[in-house]
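Below is one structure; the comments refer to it alone.
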Amino acid sequence: MHLIGNMWFLWLFADNVEDRLGKLIFPIFYILCGVLAGLMHIVTNLGSAVPAIGASGAIAGVMGAYIYLFPNGRISTLFTYGFYWRSIQIPAFLYLIIWLGFQFMGGLAGMGASNVAFWAHIGGFLAGLGLAFILKKLNLVSVYPGDRGYTGRGPDIFPPSKPTVLRTQPARRKKYVWRD
């Protein structure tokens, strides 16, 4: 069940975050979130002899980046009340804060007694949030109209080059006009 949840969250959030970070920066971001999540798990479970294996912390990092990069995002969620099923739109911010609250409660309740690395989830989420903030400040995040911090320009990874000056003017082409 945990694996299905991981794949669901990865499918739901990672494509948008990758679109903003780019195909070169996203894998580095993902691995760094996983490493920082693992460090958080080690710090909070010093006496544990059970190894922690999985990508949950890295996926939580993607979720942390999503909450920063898409503050107005909405998520379609299946809602049920008995036999009544309906899809509702809820703010991604609310969805992820509730998820983070469940992780925090699970981390406090489990404290080493659970097979779920709740503190790795929390560490990955905070790492993703912090890394997204840093990457945004370094101007390495693509922004589009409606995004946080949109100024009408893309990231300035490469400074604009000087325009090349043609020594000879190109031949003008005839302009064809259709007449009825």
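The way I read the labels, and the way they are meant: chains A, B, ... in the order of the structure tokens, residue 1 as the first residue of every chain, and ligand 1 as the first ligand shown, with later ones counted on from there.
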Check: Which residues come within 12 Å of A:Trp99, counting only C-alpha atoms, excluding same-chain residues fewer than 4 positions away, as a PyMOL selection string?
Finding: chain A and resi 5+9+60+63-64+67+92-95+103-106+118+121-122+125
For the selection just defined, write its residues with C-alpha atoms to a file, as a PDB file, in the first residue's frame.
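Result went into out28.pdb, see below:
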ATOM      1  CA  GLY A   5       0.823   5.818  -2.315  1.00  0.00           C
ATOM      2  CA  PHE A   9       2.080  11.192  -5.187  1.00  0.00           C
ATOM      3  CA  ALA A  60       8.013  14.071  -0.100  1.00  0.00           C
ATOM      4  CA  MET A  63       5.659  17.561  -2.604  1.00  0.00           C
ATOM      5  CA  GLY A  64       7.446  20.267  -0.602  1.00  0.00           C
ATOM      6  CA  ILE A  67       3.608  23.553  -2.291  1.00  0.00           C
ATOM      7  CA  ALA A  92      -3.070  21.676  -3.011  1.00  0.00           C
ATOM      8  CA  PHE A  93      -1.814  23.711  -0.057  1.00  0.00           C
ATOM      9  CA  LEU A  94      -4.568  22.285   2.171  1.00  0.00           C
ATOM     10  CA  TYR A  95      -4.056  18.754   0.811  1.00  0.00           C
ATOM     11  CA  GLN A 103       3.178  12.423   8.978  1.00  0.00           C
ATOM     12  CA  PHE A 104       3.977  14.491  12.048  1.00  0.00           C
ATOM     13  CA  MET A 105       1.370  12.684  14.154  1.00  0.00           C
ATOM     14  CA  GLY A 106       2.626   9.310  12.885  1.00  0.00           C
ATOM     15  CA  PHE A 118       7.615   9.294   9.057  1.00  0.00           C
ATOM     16  CA  HIS A 121       8.876  12.067   4.966  1.00  0.00           C
ATOM     17  CA  ILE A 122       8.971  15.233   7.046  1.00  0.00           C
ATOM     18  CA  PHE A 125       9.219  17.658   2.576  1.00  0.00           C
TER      19      PHE A 125
END
Item checked: Residues within 10 Å of A:Gly130, only C-alpha atoms, excluding chain neighbours under 2 positions, as a ChimeraX atom specification -> /A:33,61,64-65,68,124-128,132-136
Let me see the file: selected residues, N, CA and C atoms, as a short mmCIF file (atom, residue, chain, number, x, y, z; two decimals), in the first residue's frame.
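Result file again03.cif:
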data_model
loop_
_atom_site.label_atom_id
_atom_site.label_comp_id
_atom_site.auth_asym_id
_atom_site.auth_seq_id
_atom_site.Cartn_x
_atom_site.Cartn_y
_atom_site.Cartn_z
N CYS A 33 16.99 15.60 -2.21
CA CYS A 33 15.88 15.48 -1.25
C CYS A 33 15.90 14.12 -0.58
N GLY A 61 9.96 15.35 -0.84
CA GLY A 61 10.66 16.56 -1.26
C GLY A 61 10.01 17.19 -2.48
N GLY A 64 7.07 18.99 -1.22
CA GLY A 64 7.45 20.27 -0.60
C GLY A 64 7.73 21.33 -1.65
N ALA A 65 8.39 20.94 -2.74
CA ALA A 65 8.64 21.89 -3.83
C ALA A 65 7.33 22.31 -4.48
N TYR A 68 5.50 25.06 -2.67
CA TYR A 68 6.12 26.38 -2.84
C TYR A 68 5.94 26.92 -4.25
N GLY A 124 12.21 15.09 4.07
CA GLY A 124 12.18 15.27 2.62
C GLY A 124 11.29 16.44 2.21
N PHE A 125 10.14 16.56 2.87
CA PHE A 125 9.22 17.66 2.58
C PHE A 125 9.89 19.01 2.85
N LEU A 126 10.53 19.12 4.01
CA LEU A 126 11.20 20.38 4.36
C LEU A 126 12.40 20.64 3.44
N ALA A 127 13.11 19.57 3.05
CA ALA A 127 14.23 19.73 2.13
C ALA A 127 13.74 20.23 0.77
N GLY A 128 12.66 19.65 0.27
CA GLY A 128 12.10 20.09 -1.01
C GLY A 128 11.61 21.52 -0.97
N ALA A 132 13.52 24.31 -3.19
CA ALA A 132 12.73 25.06 -4.17
C ALA A 132 12.89 26.57 -3.94
N PHE A 133 12.90 26.96 -2.67
CA PHE A 133 13.10 28.38 -2.34
C PHE A 133 14.47 28.84 -2.82
N ILE A 134 15.51 28.04 -2.56
CA ILE A 134 16.88 28.42 -2.96
C ILE A 134 16.99 28.46 -4.48
N LEU A 135 16.46 27.46 -5.17
CA LEU A 135 16.53 27.44 -6.63
C LEU A 135 15.78 28.61 -7.25
N LYS A 136 14.69 29.00 -6.60
CA LYS A 136 13.93 30.15 -7.10
C LYS A 136 14.74 31.44 -6.92
#
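Nearest residue to A:Ala14 among A:Val43, A:Leu138, A:Leu108, A:Leu69 is A:Leu69, counting only C-alpha atoms.
Here atom CA of A:Ile98 is placed at a distance of 13.4 Å from atom CA of A:Thr77.
Of the residues under consideration (A:His2, A:Arg86, A:Arg20, A:His41), A:Arg20 shows the shortest atom-to-atom contact distance to A:Asn139 when counting only C-alpha atoms.
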Next item on the list: Quick one: everything within 12 Å of A:Ile53, counting only C-alpha atoms, minus sequence neighbours fewer than 5 positions away in the same chain. Send it as a ChimeraX atom specification.
Entry: /A:3,34-35,37-38,41-42,58,115-117,120
Quick one: write out the picked residues with N, CA and C atoms as a compact mmCIF listing (two decimals), in the first residue's frame?
# COMPACT_ATOMS: atom_id res chain seq x y z
N LEU A 3 3.84 1.61 -1.33
CA LEU A 3 4.39 1.79 -2.67
C LEU A 3 3.36 2.43 -3.60
N GLY A 34 16.18 13.06 -1.34
CA GLY A 34 16.26 11.73 -0.76
C GLY A 34 17.39 11.60 0.25
N VAL A 35 18.54 12.19 -0.05
CA VAL A 35 19.68 12.13 0.87
C VAL A 35 19.36 12.90 2.15
N ALA A 37 16.41 13.57 3.36
CA ALA A 37 15.38 12.83 4.09
C ALA A 37 15.99 11.66 4.85
N GLY A 38 16.95 10.96 4.22
CA GLY A 38 17.63 9.87 4.91
C GLY A 38 18.40 10.35 6.12
N HIS A 41 16.01 10.87 8.89
CA HIS A 41 15.61 9.59 9.47
C HIS A 41 16.69 9.05 10.40
N ILE A 42 17.95 9.19 10.00
CA ILE A 42 19.05 8.72 10.84
C ILE A 42 19.11 9.50 12.15
N ALA A 58 12.35 11.35 -0.92
CA ALA A 58 12.54 12.12 -2.15
C ALA A 58 11.20 12.56 -2.73
N ASN A 115 7.09 0.74 10.86
CA ASN A 115 7.87 0.40 9.67
C ASN A 115 7.87 1.52 8.65
N VAL A 116 7.17 2.60 8.93
CA VAL A 116 7.11 3.76 8.03
C VAL A 116 8.06 4.83 8.57
N ALA A 117 8.89 5.34 7.71
CA ALA A 117 9.87 6.37 8.11
C ALA A 117 9.20 7.75 8.05
N ALA A 120 11.52 10.69 7.86
CA ALA A 120 12.13 10.85 6.54
C ALA A 120 11.17 11.60 5.62
Next item on the list: Tell me, in Å to one decimal, how far atom CA of A:Ile31 is from atom CA of A:Val62.
Entry: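 A separation of 10.4 Å between them.
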Step one, run DSSP on the backbone; step two, keep only residues of stretch 9-169 of chain A assigned to helix (DSSP H, G or I); then write them as a short mmCIF file (atom, residue, chain, number, x, y, z; two decimals) with N, CA, C and O atoms, in the first residue's frame.
data_model
loop_
_atom_site.label_atom_id
_atom_site.label_comp_id
_atom_site.auth_asym_id
_atom_site.auth_seq_id
_atom_site.Cartn_x
_atom_site.Cartn_y
_atom_site.Cartn_z
N PHE A 9 1.59 9.85 -5.45
CA PHE A 9 2.08 11.19 -5.19
C PHE A 9 3.14 11.62 -6.21
O PHE A 9 3.19 12.78 -6.61
N LEU A 10 3.96 10.68 -6.64
CA LEU A 10 4.95 10.99 -7.66
C LEU A 10 4.27 11.37 -8.97
O LEU A 10 4.64 12.34 -9.62
N TRP A 11 3.26 10.61 -9.36
CA TRP A 11 2.51 10.91 -10.58
C TRP A 11 1.77 12.24 -10.47
O TRP A 11 1.70 13.00 -11.44
N LEU A 12 1.26 12.53 -9.31
CA LEU A 12 0.45 13.73 -9.11
C LEU A 12 1.28 15.01 -9.09
O LEU A 12 0.87 16.03 -9.66
N PHE A 13 2.46 14.98 -8.50
CA PHE A 13 3.22 16.22 -8.29
C PHE A 13 4.50 16.36 -9.11
O PHE A 13 4.91 17.47 -9.43
N ALA A 14 5.17 15.26 -9.43
CA ALA A 14 6.51 15.35 -10.00
C ALA A 14 6.55 15.95 -11.40
O ALA A 14 7.50 16.66 -11.73
N ASP A 15 5.54 15.70 -12.22
CA ASP A 15 5.61 16.25 -13.58
C ASP A 15 5.58 17.76 -13.58
O ASP A 15 6.27 18.41 -14.37
N ASN A 16 4.81 18.35 -12.69
CA ASN A 16 4.76 19.82 -12.61
C ASN A 16 6.06 20.40 -12.07
O ASN A 16 6.54 21.41 -12.57
N VAL A 17 6.60 19.77 -11.05
CA VAL A 17 7.86 20.27 -10.47
C VAL A 17 8.99 20.11 -11.49
O VAL A 17 9.82 21.01 -11.66
N GLU A 18 9.02 18.98 -12.21
CA GLU A 18 10.04 18.79 -13.23
C GLU A 18 9.91 19.82 -14.34
O GLU A 18 10.90 20.31 -14.88
N ASP A 19 8.68 20.18 -14.68
CA ASP A 19 8.46 21.20 -15.70
C ASP A 19 9.07 22.53 -15.29
O ASP A 19 9.63 23.25 -16.12
N ARG A 20 9.00 22.86 -14.02
CA ARG A 20 9.56 24.13 -13.55
C ARG A 20 11.07 24.08 -13.35
O ARG A 20 11.77 25.04 -13.63
N LEU A 21 11.58 22.95 -12.87
CA LEU A 21 13.02 22.85 -12.60
C LEU A 21 13.83 22.48 -13.84
O LEU A 21 15.00 22.84 -13.93
N ILE A 25 18.05 19.77 -13.80
CA ILE A 25 18.10 20.08 -12.36
C ILE A 25 17.21 19.13 -11.56
O ILE A 25 17.54 18.79 -10.42
N PHE A 26 16.09 18.66 -12.14
CA PHE A 26 15.15 17.85 -11.37
C PHE A 26 15.77 16.56 -10.79
O PHE A 26 15.55 16.28 -9.61
N PRO A 27 16.53 15.76 -11.56
CA PRO A 27 17.11 14.56 -10.94
C PRO A 27 18.07 14.87 -9.79
O PRO A 27 18.10 14.15 -8.79
N ILE A 28 18.83 15.94 -9.93
CA ILE A 28 19.74 16.34 -8.86
C ILE A 28 18.93 16.75 -7.63
O ILE A 28 19.24 16.35 -6.50
N PHE A 29 17.87 17.52 -7.85
CA PHE A 29 16.97 17.94 -6.78
C PHE A 29 16.37 16.72 -6.09
O PHE A 29 16.34 16.62 -4.86
N TYR A 30 15.90 15.76 -6.87
CA TYR A 30 15.24 14.57 -6.35
C TYR A 30 16.19 13.75 -5.47
O TYR A 30 15.84 13.35 -4.36
N ILE A 31 17.40 13.52 -5.97
CA ILE A 31 18.38 12.74 -5.20
C ILE A 31 18.79 13.49 -3.93
O ILE A 31 18.91 12.88 -2.86
N LEU A 32 18.97 14.79 -4.03
CA LEU A 32 19.34 15.58 -2.85
C LEU A 32 18.24 15.54 -1.79
O LEU A 32 18.53 15.43 -0.59
N CYS A 33 16.99 15.60 -2.21
CA CYS A 33 15.88 15.48 -1.25
C CYS A 33 15.90 14.12 -0.58
O CYS A 33 15.68 14.01 0.63
N GLY A 34 16.18 13.06 -1.34
CA GLY A 34 16.26 11.73 -0.76
C GLY A 34 17.39 11.60 0.25
O GLY A 34 17.22 10.98 1.31
N VAL A 35 18.54 12.19 -0.05
CA VAL A 35 19.68 12.13 0.87
C VAL A 35 19.36 12.90 2.15
O VAL A 35 19.60 12.41 3.27
N LEU A 36 18.79 14.09 2.01
CA LEU A 36 18.46 14.89 3.20
C LEU A 36 17.36 14.22 4.03
O LEU A 36 17.38 14.28 5.27
N ALA A 37 16.41 13.57 3.36
CA ALA A 37 15.38 12.83 4.09
C ALA A 37 15.99 11.66 4.85
O ALA A 37 15.63 11.40 6.00
N GLY A 38 16.95 10.96 4.22
CA GLY A 38 17.63 9.87 4.91
C GLY A 38 18.40 10.35 6.12
O GLY A 38 18.42 9.68 7.16
N LEU A 39 19.04 11.51 6.00
CA LEU A 39 19.75 12.07 7.15
C LEU A 39 18.79 12.41 8.29
O LEU A 39 19.11 12.17 9.47
N MET A 40 17.62 12.92 7.95
CA MET A 40 16.62 13.22 8.99
C MET A 40 16.16 11.94 9.66
O MET A 40 15.99 11.90 10.89
N HIS A 41 16.01 10.87 8.89
CA HIS A 41 15.61 9.59 9.47
C HIS A 41 16.69 9.05 10.40
O HIS A 41 16.39 8.53 11.48
N ILE A 42 17.95 9.19 10.00
CA ILE A 42 19.05 8.72 10.84
C ILE A 42 19.11 9.50 12.15
O ILE A 42 19.27 8.93 13.23
N VAL A 43 18.95 10.82 12.06
CA VAL A 43 19.02 11.67 13.26
C VAL A 43 17.89 11.34 14.24
O VAL A 43 18.10 11.34 15.45
N THR A 44 16.70 11.05 13.72
CA THR A 44 15.56 10.80 14.61
C THR A 44 15.47 9.35 15.07
O THR A 44 14.67 9.04 15.96
N SER A 56 10.48 7.38 -0.45
CA SER A 56 9.44 8.21 0.15
C SER A 56 9.93 9.61 0.49
O SER A 56 9.20 10.58 0.29
N GLY A 57 11.13 9.72 1.02
CA GLY A 57 11.66 11.04 1.38
C GLY A 57 11.86 11.92 0.17
O GLY A 57 11.58 13.12 0.21
N ALA A 58 12.35 11.35 -0.92
CA ALA A 58 12.54 12.12 -2.15
C ALA A 58 11.20 12.56 -2.73
O ALA A 58 11.06 13.69 -3.19
N ILE A 59 10.21 11.68 -2.69
CA ILE A 59 8.88 12.04 -3.19
C ILE A 59 8.27 13.10 -2.30
O ILE A 59 7.61 14.03 -2.79
N ALA A 60 8.49 13.02 -1.01
CA ALA A 60 8.01 14.07 -0.10
C ALA A 60 8.70 15.40 -0.42
O ALA A 60 8.10 16.47 -0.29
N GLY A 61 9.96 15.35 -0.84
CA GLY A 61 10.66 16.56 -1.26
C GLY A 61 10.01 17.19 -2.48
O GLY A 61 9.90 18.42 -2.58
N VAL A 62 9.57 16.36 -3.41
CA VAL A 62 8.84 16.87 -4.58
C VAL A 62 7.54 17.55 -4.13
O VAL A 62 7.16 18.59 -4.65
N MET A 63 6.90 16.97 -3.13
CA MET A 63 5.66 17.56 -2.60
C MET A 63 5.95 18.90 -1.92
O MET A 63 5.16 19.85 -2.05
N GLY A 64 7.07 18.99 -1.22
CA GLY A 64 7.45 20.27 -0.60
C GLY A 64 7.73 21.33 -1.65
O GLY A 64 7.36 22.50 -1.48
N ALA A 65 8.39 20.94 -2.74
CA ALA A 65 8.64 21.89 -3.83
C ALA A 65 7.33 22.31 -4.48
O ALA A 65 7.15 23.48 -4.85
N TYR A 66 6.40 21.39 -4.61
CA TYR A 66 5.10 21.70 -5.23
C TYR A 66 4.35 22.75 -4.43
O TYR A 66 3.77 23.67 -5.00
N ILE A 67 4.36 22.61 -3.12
CA ILE A 67 3.61 23.55 -2.29
C ILE A 67 4.19 24.97 -2.40
O ILE A 67 3.48 25.95 -2.27
N TYR A 68 5.50 25.06 -2.67
CA TYR A 68 6.12 26.38 -2.84
C TYR A 68 5.94 26.92 -4.25
O TYR A 68 5.63 28.09 -4.44
N LEU A 69 6.12 26.07 -5.25
CA LEU A 69 6.06 26.52 -6.64
C LEU A 69 4.64 26.72 -7.15
O LEU A 69 4.42 27.48 -8.09
N ALA A 92 -4.22 22.56 -3.24
CA ALA A 92 -3.07 21.68 -3.01
C ALA A 92 -2.40 22.01 -1.69
O ALA A 92 -1.90 21.12 -0.99
N PHE A 93 -2.41 23.29 -1.33
CA PHE A 93 -1.81 23.71 -0.06
C PHE A 93 -2.50 22.98 1.11
O PHE A 93 -1.83 22.42 1.98
N LEU A 94 -3.82 22.95 1.11
CA LEU A 94 -4.57 22.28 2.17
C LEU A 94 -4.30 20.78 2.15
O LEU A 94 -4.06 20.16 3.20
N TYR A 95 -4.31 20.18 0.99
CA TYR A 95 -4.06 18.75 0.81
C TYR A 95 -2.70 18.37 1.40
O TYR A 95 -2.59 17.40 2.15
N LEU A 96 -1.67 19.14 1.07
CA LEU A 96 -0.32 18.80 1.51
C LEU A 96 -0.08 19.12 2.98
O LEU A 96 0.67 18.42 3.66
N ILE A 97 -0.71 20.16 3.49
CA ILE A 97 -0.59 20.47 4.93
C ILE A 97 -1.26 19.37 5.76
O ILE A 97 -0.73 18.96 6.80
N ILE A 98 -2.41 18.87 5.29
CA ILE A 98 -3.06 17.76 6.00
C ILE A 98 -2.17 16.53 5.96
O ILE A 98 -1.99 15.83 6.98
N TRP A 99 -1.58 16.24 4.78
CA TRP A 99 -0.66 15.10 4.67
C TRP A 99 0.52 15.25 5.62
O TRP A 99 0.90 14.30 6.30
N LEU A 100 1.10 16.46 5.67
CA LEU A 100 2.24 16.71 6.56
C LEU A 100 1.83 16.55 8.02
O LEU A 100 2.59 16.01 8.83
N GLY A 101 0.63 16.97 8.36
CA GLY A 101 0.12 16.79 9.73
C GLY A 101 0.01 15.31 10.11
O GLY A 101 0.38 14.92 11.22
N PHE A 102 -0.48 14.49 9.18
CA PHE A 102 -0.55 13.05 9.43
C PHE A 102 0.84 12.45 9.60
O PHE A 102 1.04 11.56 10.43
N GLN A 103 1.81 12.92 8.84
CA GLN A 103 3.18 12.42 8.98
C GLN A 103 3.75 12.80 10.34
O GLN A 103 4.42 12.00 11.00
N PHE A 104 3.47 14.03 10.75
CA PHE A 104 3.98 14.49 12.05
C PHE A 104 3.35 13.69 13.20
O PHE A 104 4.05 13.27 14.12
N MET A 105 2.03 13.47 13.11
CA MET A 105 1.37 12.68 14.15
C MET A 105 1.88 11.24 14.15
O MET A 105 2.10 10.66 15.22
N GLY A 106 2.09 10.67 12.96
CA GLY A 106 2.63 9.31 12.89
C GLY A 106 4.04 9.23 13.42
O GLY A 106 4.42 8.26 14.07
N GLY A 107 4.85 10.26 13.16
CA GLY A 107 6.21 10.29 13.67
C GLY A 107 6.25 10.38 15.18
O GLY A 107 7.08 9.74 15.83
N LEU A 108 5.36 11.17 15.76
CA LEU A 108 5.32 11.29 17.22
C LEU A 108 4.77 10.03 17.87
O LEU A 108 5.24 9.61 18.93
N ALA A 109 3.77 9.42 17.24
CA ALA A 109 3.16 8.22 17.81
C ALA A 109 4.07 7.01 17.67
O ALA A 109 4.17 6.19 18.58
N GLY A 110 4.76 6.90 16.53
CA GLY A 110 5.59 5.72 16.28
C GLY A 110 6.92 5.76 16.98
O GLY A 110 7.30 4.83 17.67
N PHE A 118 8.36 8.03 9.04
CA PHE A 118 7.61 9.29 9.06
C PHE A 118 8.55 10.50 9.07
O PHE A 118 8.30 11.50 8.40
N TRP A 119 9.63 10.41 9.83
CA TRP A 119 10.54 11.55 9.92
C TRP A 119 11.33 11.75 8.63
O TRP A 119 11.74 12.87 8.32
N ALA A 120 11.52 10.69 7.86
CA ALA A 120 12.13 10.85 6.54
C ALA A 120 11.17 11.60 5.62
O ALA A 120 11.59 12.43 4.82
N HIS A 121 9.88 11.32 5.75
CA HIS A 121 8.88 12.07 4.97
C HIS A 121 8.92 13.55 5.31
O HIS A 121 8.93 14.41 4.42
N ILE A 122 8.95 13.83 6.60
CA ILE A 122 8.97 15.23 7.05
C ILE A 122 10.27 15.91 6.61
O ILE A 122 10.26 17.04 6.11
N GLY A 123 11.39 15.22 6.78
CA GLY A 123 12.67 15.78 6.36
C GLY A 123 12.73 16.03 4.86
O GLY A 123 13.25 17.04 4.40
N GLY A 124 12.21 15.09 4.07
CA GLY A 124 12.18 15.27 2.62
C GLY A 124 11.29 16.44 2.21
O GLY A 124 11.63 17.21 1.32
N PHE A 125 10.14 16.56 2.87
CA PHE A 125 9.22 17.66 2.58
C PHE A 125 9.89 19.01 2.85
O PHE A 125 9.85 19.92 2.02
N LEU A 126 10.53 19.12 4.01
CA LEU A 126 11.20 20.38 4.36
C LEU A 126 12.40 20.64 3.44
O LEU A 126 12.66 21.79 3.08
N ALA A 127 13.11 19.57 3.05
CA ALA A 127 14.23 19.73 2.13
C ALA A 127 13.74 20.23 0.77
O ALA A 127 14.34 21.13 0.17
N GLY A 128 12.66 19.65 0.27
CA GLY A 128 12.10 20.09 -1.01
C GLY A 128 11.61 21.52 -0.97
O GLY A 128 11.83 22.30 -1.91
N LEU A 129 10.99 21.88 0.13
CA LEU A 129 10.52 23.26 0.31
C LEU A 129 11.69 24.23 0.32
O LEU A 129 11.68 25.25 -0.38
N GLY A 130 12.73 23.89 1.08
CA GLY A 130 13.91 24.76 1.16
C GLY A 130 14.69 24.82 -0.14
O GLY A 130 15.12 25.90 -0.57
N LEU A 131 14.86 23.68 -0.80
CA LEU A 131 15.60 23.67 -2.07
C LEU A 131 14.84 24.43 -3.17
O LEU A 131 15.46 25.12 -3.98
N ALA A 132 13.52 24.31 -3.19
CA ALA A 132 12.73 25.06 -4.17
C ALA A 132 12.89 26.57 -3.94
O ALA A 132 13.02 27.34 -4.89
N PHE A 133 12.90 26.96 -2.67
CA PHE A 133 13.10 28.38 -2.34
C PHE A 133 14.47 28.84 -2.82
O PHE A 133 14.60 29.91 -3.43
N ILE A 134 15.51 28.04 -2.56
CA ILE A 134 16.88 28.42 -2.96
C ILE A 134 16.99 28.46 -4.48
O ILE A 134 17.57 29.41 -5.04
N LEU A 135 16.46 27.46 -5.17
CA LEU A 135 16.53 27.44 -6.63
C LEU A 135 15.78 28.61 -7.25
O LEU A 135 16.19 29.16 -8.26
N LYS A 136 14.69 29.00 -6.60
CA LYS A 136 13.93 30.15 -7.10
C LYS A 136 14.74 31.44 -6.92
O LYS A 136 14.77 32.29 -7.80
N LYS A 137 15.42 31.56 -5.78
CA LYS A 137 16.25 32.75 -5.54
C LYS A 137 17.44 32.79 -6.49
O LYS A 137 17.91 33.86 -6.85
#
Next item on the list: Return as a ChimeraX atom specification the full set of residues in stretch 62-125 of chain A whose backbone-based DSSP assignment is strand (DSSP E).
Entry: /A:74-81,84-91
Next, write the just-selected residues to a file, as a PDB file, in the first residue's frame, keeping C-alpha atoms as the atom set.
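Listing of part20.pdb after writing:
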ATOM      1  CA  ARG A  74      -5.850  22.627  -6.962  1.00  0.00           C
ATOM      2  CA  ILE A  75      -6.191  18.854  -6.776  1.00  0.00           C
ATOM      3  CA  SER A  76      -9.177  16.770  -7.873  1.00  0.00           C
ATOM      4  CA  THR A  77      -9.978  14.433  -5.016  1.00  0.00           C
ATOM      5  CA  LEU A  78     -12.493  11.621  -4.892  1.00  0.00           C
ATOM      6  CA  PHE A  79     -14.907  12.222  -2.035  1.00  0.00           C
ATOM      7  CA  THR A  80     -17.328   9.635  -0.720  1.00  0.00           C
ATOM      8  CA  TYR A  81     -20.225   9.799   1.660  1.00  0.00           C
ATOM      9  CA  TYR A  84     -22.415   8.872  -2.896  1.00  0.00           C
ATOM     10  CA  TRP A  85     -19.175   9.471  -4.859  1.00  0.00           C
ATOM     11  CA  ARG A  86     -18.069  12.829  -6.123  1.00  0.00           C
ATOM     12  CA  SER A  87     -14.886  14.469  -7.370  1.00  0.00           C
ATOM     13  CA  ILE A  88     -14.111  17.753  -5.631  1.00  0.00           C
ATOM     14  CA  GLN A  89     -11.369  20.333  -6.160  1.00  0.00           C
ATOM     15  CA  ILE A  90      -9.384  21.204  -3.045  1.00  0.00           C
ATOM     16  CA  PRO A  91      -6.377  23.530  -2.737  1.00  0.00           C
TER      17      PRO A  91
END
